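Shown next: final.cif, given as mmCIF, C-alpha atoms.
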```cif
data_final
loop_
_atom_site.label_atom_id
_atom_site.label_comp_id
_atom_site.auth_asym_id
_atom_site.auth_seq_id
_atom_site.Cartn_x
_atom_site.Cartn_y
_atom_site.Cartn_z
CA SER A 6 5.90 29.71 8.51
CA ILE A 7 3.32 28.49 11.06
CA LEU A 8 6.00 26.96 13.32
CA ASN A 9 7.97 29.22 15.65
CA SER A 10 11.76 29.06 16.01
CA ASN A 11 12.77 26.26 18.38
CA GLY A 12 9.50 24.47 17.56
CA TYR A 13 9.51 20.74 16.81
CA LEU A 14 8.42 18.86 13.69
CA TYR A 15 7.61 15.13 13.82
CA ILE A 16 7.43 13.18 10.56
CA GLU A 17 6.46 9.56 9.86
CA VAL A 18 6.69 8.30 6.26
CA PRO A 19 7.36 4.97 4.48
CA SER A 20 11.03 3.98 4.42
CA VAL A 21 12.58 3.08 1.06
CA GLU A 22 15.58 1.44 2.71
CA GLY A 23 13.21 -0.41 5.04
CA PHE A 24 11.80 -2.37 2.11
CA ALA A 25 15.24 -3.92 1.63
CA LYS A 26 16.12 -4.11 5.34
CA TYR A 27 12.95 -5.98 6.34
CA ASN A 28 12.44 -7.73 2.97
CA VAL A 29 8.97 -6.25 2.66
CA HIS A 30 7.49 -5.34 -0.71
CA ASN A 31 3.88 -4.13 -0.69
CA GLU A 32 1.65 -1.74 -2.54
CA ILE A 33 2.00 1.36 -0.40
CA MET A 34 4.52 2.86 -2.79
CA SER A 35 2.09 2.80 -5.73
CA PHE A 36 -0.47 5.54 -5.07
CA THR A 37 -0.63 6.77 -1.51
CA HIS A 38 2.73 8.57 -1.43
CA LEU A 39 4.14 10.70 -4.26
CA TRP A 40 7.66 10.84 -2.82
CA HIS A 41 9.73 8.25 -0.98
CA PHE A 42 12.67 8.76 1.36
CA THR A 43 15.59 7.19 3.12
CA ILE A 44 16.59 8.63 6.47
CA LYS A 45 19.40 10.59 4.77
CA SER A 46 17.27 12.03 1.98
CA LEU A 47 14.48 13.03 4.38
CA THR A 48 16.99 14.65 6.75
CA ASN A 49 18.67 16.56 3.89
CA PHE A 50 15.34 17.83 2.59
CA ILE A 51 14.00 18.97 5.98
CA GLU A 52 17.29 20.57 7.03
CA GLU A 53 17.19 22.67 3.85
CA GLN A 54 13.99 24.20 5.22
CA GLY A 55 15.77 25.46 8.35
CA PHE A 56 15.57 22.51 10.73
CA VAL A 57 18.11 20.30 12.49
CA SER A 58 17.65 16.61 13.15
CA ILE A 59 16.98 15.63 16.77
CA GLY A 60 16.62 11.89 16.16
CA ASN A 61 15.24 9.26 13.80
CA GLU A 62 14.67 5.54 13.31
CA CYS A 63 13.61 3.03 10.69
CA ALA A 64 11.03 0.62 12.12
CA MET A 65 8.15 -1.71 11.25
CA GLU A 66 4.63 -0.31 11.73
CA GLU A 67 1.51 -2.34 10.83
CA LYS A 68 3.62 -4.71 8.72
CA PHE A 69 5.35 -2.07 6.60
CA PRO A 70 8.58 -0.08 7.17
CA VAL A 71 8.48 3.56 8.25
CA ILE A 72 10.85 6.37 9.08
CA ARG A 73 10.12 8.26 12.28
CA ALA A 74 12.03 11.52 12.58
CA LEU A 75 12.03 14.53 14.90
CA PHE A 76 13.37 17.93 13.82
CA LYS A 77 13.83 21.31 15.53
CA LYS A 78 13.36 24.61 13.73
CA ILE A 79 16.22 27.11 13.98
CA GLU A 80 17.21 30.30 12.17
CA ASP A 81 20.59 29.43 10.64
CA VAL A 82 21.79 26.03 9.46
CA LYS A 83 25.17 25.31 7.84
CA TYR A 84 26.02 22.12 5.94
CA LYS A 85 29.22 20.36 4.94
CA ASN A 86 29.51 18.03 1.93
CA LYS A 87 25.76 18.26 1.53
CA ASN A 88 25.76 17.71 -2.24
CA SER A 89 27.96 14.60 -2.16
CA ILE A 90 25.72 13.00 0.47
CA LYS A 91 22.58 13.72 -1.52
CA THR A 92 24.07 12.30 -4.75
CA MET A 93 25.10 9.02 -3.10
CA ASP A 94 21.79 8.72 -1.32
CA ALA A 95 19.74 9.38 -4.46
CA SER A 96 21.57 6.64 -6.34
CA GLN A 97 21.03 4.16 -3.54
CA ALA A 98 17.36 5.07 -3.22
CA LYS A 99 16.88 4.67 -6.98
CA ASN A 100 18.28 1.14 -6.90
CA TRP A 101 16.00 0.18 -4.01
CA PHE A 102 13.00 1.70 -5.76
CA LEU A 103 13.71 -0.09 -9.06
CA ARG A 104 14.03 -3.38 -7.19
CA HIS A 105 10.69 -2.70 -5.50
CA VAL A 106 9.04 -2.01 -8.88
CA GLU A 107 10.52 -5.22 -10.30
CA LEU A 108 9.15 -7.31 -7.42
CA ARG A 109 5.81 -5.52 -7.58
CA ASN A 110 5.44 -6.31 -11.29
CA GLU A 111 6.36 -9.95 -10.72
CA ARG A 112 3.72 -10.24 -8.01
CA LYS A 113 1.16 -8.50 -10.19
CA LYS A 114 1.66 -11.10 -12.93
CA THR A 115 0.97 -13.82 -10.36
CA VAL A 116 -2.21 -12.06 -9.23
CA ILE A 117 -3.45 -11.66 -12.81
CA LYS A 118 -2.88 -15.36 -13.45
CA LYS A 119 -4.81 -16.22 -10.29
CA ILE A 120 -7.77 -14.03 -11.31
CA ASN A 121 -7.86 -15.53 -14.81
CA GLU A 122 -8.02 -18.99 -13.27
CA LEU A 123 -10.85 -17.93 -10.95
CA PHE A 124 -12.95 -16.71 -13.87
CA THR A 125 -12.71 -20.15 -15.52
CA LEU A 126 -14.45 -21.77 -12.53
CA ASP A 127 -18.17 -22.34 -12.36
CA LYS A 128 -18.39 -20.42 -9.09
CA GLN A 129 -19.69 -17.11 -7.80
CA ILE A 130 -16.69 -14.82 -7.25
CA VAL A 131 -16.58 -12.12 -4.59
CA PHE A 132 -13.72 -9.64 -4.40
CA TYR A 133 -13.60 -8.35 -0.83
CA GLY A 134 -11.99 -4.91 -0.58
CA ALA A 135 -12.36 -1.88 -2.86
CA GLY A 136 -9.13 -0.26 -1.72
CA PRO A 137 -5.96 0.83 -3.57
CA ASP A 138 -4.90 -2.71 -4.52
CA MET A 139 -8.20 -3.56 -6.21
CA TYR A 140 -8.41 -0.08 -7.73
CA ASP A 141 -4.96 -0.55 -9.25
CA LEU A 142 -5.93 -3.92 -10.73
CA MET A 143 -9.26 -2.80 -12.15
CA ILE A 144 -7.83 0.39 -13.66
CA SER A 145 -4.61 -1.04 -15.09
CA GLU A 146 -6.07 -4.41 -16.15
CA ARG A 147 -9.51 -3.42 -17.40
CA ASN A 148 -9.72 -6.24 -19.93
CA LEU A 149 -9.17 -8.73 -17.13
CA PHE A 150 -12.54 -7.81 -15.61
CA LYS A 151 -14.40 -6.87 -18.79
CA ASN A 152 -17.66 -8.80 -19.30
CA LYS A 153 -16.98 -10.91 -16.20
CA LEU A 154 -19.58 -11.64 -13.55
CA PHE A 155 -18.42 -11.01 -9.99
CA TYR A 156 -19.30 -9.17 -6.79
CA LEU A 157 -17.25 -6.33 -5.28
CA VAL A 158 -17.80 -5.70 -1.57
CA ASP A 159 -16.18 -3.55 1.10
CA SER A 160 -16.56 -3.18 4.87
CA ASN A 161 -16.68 0.61 4.61
CA PRO A 162 -20.37 1.72 4.43
CA SER A 163 -19.37 5.00 2.75
CA LYS A 164 -18.36 2.99 -0.35
CA TRP A 165 -21.61 1.05 -0.66
CA ASP A 166 -23.64 1.74 -3.82
CA LYS A 167 -20.73 3.61 -5.36
CA SER A 168 -19.13 2.12 -8.45
CA LEU A 169 -15.68 1.22 -9.72
CA LEU A 170 -15.59 0.80 -13.50
CA SER A 171 -19.38 0.37 -13.50
CA ILE A 172 -19.20 -2.34 -10.82
CA THR A 173 -21.29 -1.45 -7.78
CA ILE A 174 -19.53 -1.79 -4.42
CA GLN A 175 -21.87 -3.68 -2.11
CA ASN A 176 -22.40 -4.49 1.55
CA PRO A 177 -20.48 -7.71 2.45
CA ALA A 178 -23.74 -9.08 3.88
CA ILE A 179 -24.66 -10.07 0.33
CA ILE A 180 -22.22 -12.98 0.72
CA CYS A 181 -24.78 -14.73 2.93
CA SER A 182 -27.20 -14.92 -0.01
CA LEU A 183 -24.69 -16.57 -2.35
CA ASN A 184 -24.21 -20.29 -2.91
CA LYS A 185 -20.72 -21.40 -1.81
CA PRO A 186 -18.89 -18.41 -3.32
CA ILE A 187 -15.14 -17.98 -3.60
CA ILE A 188 -14.19 -14.88 -1.61
CA CYS A 189 -10.97 -13.18 -2.72
CA ILE A 190 -9.30 -10.87 -0.23
CA THR A 191 -7.86 -8.06 -2.35
CA SER A 192 -5.64 -6.23 0.14
CA SER A 193 -1.88 -6.79 0.18
CA LEU A 194 -1.49 -5.53 3.76
CA VAL A 195 -1.33 -8.28 6.39
CA ALA A 196 -3.27 -6.30 9.01
CA LEU A 197 -6.16 -5.69 6.59
CA LYS A 198 -6.18 -9.32 5.47
CA GLU A 199 -6.73 -10.47 9.03
CA SER A 200 -9.46 -7.88 9.57
CA ILE A 201 -11.29 -9.00 6.39
CA LYS A 202 -11.01 -12.67 7.35
CA GLN A 203 -12.62 -11.89 10.69
CA SER A 204 -15.40 -9.95 8.95
CA ILE A 205 -16.10 -12.96 6.73
CA LEU A 206 -16.20 -15.27 9.74
CA ASN A 207 -18.63 -12.90 11.45
CA LEU A 208 -20.97 -13.34 8.48
CA LYS A 209 -21.09 -17.06 9.33
CA SER A 210 -20.63 -17.95 5.67
CA ASP A 211 -19.19 -21.38 6.51
CA GLN A 212 -19.39 -22.81 3.00
CA SER A 213 -17.43 -20.00 1.42
CA GLU A 214 -13.91 -20.60 0.16
CA ILE A 215 -11.53 -17.80 1.13
CA ILE A 216 -8.37 -17.04 -0.85
CA GLU A 217 -5.85 -14.19 -0.86
CA LEU A 218 -4.95 -12.50 -4.12
CA PHE A 219 -1.66 -11.27 -2.65
CA ASP A 220 0.25 -14.10 -0.95
#
```
Before anything else, please render the file you have as structure tokens.
Amino acid sequence: SILNSNGYLYIEVPSVEGFAKYNVHNEIMSFTHLWHFTIKSLTNFIEEQGFVSIGNECAMEEKFPVIRALFKKIEDVKYKNKNSIKTMDASQAKNWFLRHVELRNERKKTVIKKINELFTLDKQIVFYGAGPDMYDLMISERNLFKNKLFYLVDSNPSKWDKSLLSITIQNPAIICSLNKPIICITSSLVALKESIKQSILNLKSDQSEIIELFD
């Protein structure tokens, strides 16, 4: 209602079909977005609201696939074979989504095994990153972290001194006071991994061992 007729609507959302097209399977489908689209399903949904498609593409953005689409608002829109298109598209999207869930669960088992192995070592453990990936692990696998000694740090100052399952999120600078810790990068996104690695290097913690939870 806030957009006038002939106004334009630009949308950018994760692409379900892009996960298969680019062979990318990360955690962005878990919490951040409640609904997921293909180009067809997004177009069908927006056109039902009184828009027509001007153009769209499926592309890679910051290491994950997105749909970029432009629509124009008009008064009257007529459709042909709309229901048959939506049925086919929904089935295809469901198969892609189930495959994503399968791969996600397989990767999660690998991560859990890696964490269990870390806790058997006589080392100080630092989990770097209190974002969605770590939140998912700590909430869904509470027993994995129960009664374990470890540090949780994050580069975002607004998270410092807040807690996640009674574990205080700390300033990464605490790493400098630890004795040869193992630092685990908790993000699954490539761009964030590189940013965290650079932050660790900036701390000049040369004797730290850095590993990635999500390979």
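Compared by their closest atoms to Leu197 of chain A, and using only C-alpha atoms, the residues A:Trp165, A:Tyr133, A:Tyr140, A:Tyr156 rank with A:Tyr133 nearest.
Of the residues listed (A:Phe219, A:Ile44, A:Asn161, A:Phe69), A:Phe219 shows the shortest atom-to-atom separation from Thr115 of chain A; distances use all atoms listed in the file.
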Could you state which residues are captured by the PyMOL selection byres ((chain A and resi 191) around 12) in this file, as a PyMOL selection string? chain A and resi 32+113+116-117+119-120+131-143+157-159+188-190+192-195+197-199+201-202+215-220
Please write as an mmCIF file with C-alpha atoms, in the coordinates of the input the full residue list that the PyMOL selection byres ((chain A and resi 48) around 10) yields on this file.
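The new file part.cif reads:
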```
data_model
loop_
_atom_site.group_PDB
_atom_site.id
_atom_site.type_symbol
_atom_site.label_atom_id
_atom_site.label_comp_id
_atom_site.auth_asym_id
_atom_site.auth_seq_id
_atom_site.Cartn_x
_atom_site.Cartn_y
_atom_site.Cartn_z
ATOM 1 C CA PHE A 42 12.670 8.760 1.360
ATOM 2 C CA THR A 43 15.590 7.190 3.120
ATOM 3 C CA ILE A 44 16.590 8.630 6.470
ATOM 4 C CA LYS A 45 19.400 10.590 4.770
ATOM 5 C CA SER A 46 17.270 12.030 1.980
ATOM 6 C CA LEU A 47 14.480 13.030 4.380
ATOM 7 C CA ASN A 49 18.670 16.560 3.890
ATOM 8 C CA PHE A 50 15.340 17.830 2.590
ATOM 9 C CA ILE A 51 14.000 18.970 5.980
ATOM 10 C CA GLU A 52 17.290 20.570 7.030
ATOM 11 C CA GLU A 53 17.190 22.670 3.850
ATOM 12 C CA PHE A 56 15.570 22.510 10.730
ATOM 13 C CA VAL A 57 18.110 20.300 12.490
ATOM 14 C CA SER A 58 17.650 16.610 13.150
ATOM 15 C CA GLY A 60 16.620 11.890 16.160
ATOM 16 C CA ASN A 61 15.240 9.260 13.800
ATOM 17 C CA ALA A 74 12.030 11.520 12.580
ATOM 18 C CA LEU A 75 12.030 14.530 14.900
ATOM 19 C CA PHE A 76 13.370 17.930 13.820
#
```
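Coordinates place atom CA of Ile205 of chain A at a distance of 14.1 Å from atom CA of Gln175 of chain A.
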Selected residue of minimal separation from Ser6 of chain A among A:His41, A:Lys185, A:Lys78, A:His105, counting only C-alpha atoms: A:Lys78
Between atom CA of Ile130 of chain A and atom CA of Phe155 of chain A lies a distance of 5.0 Å
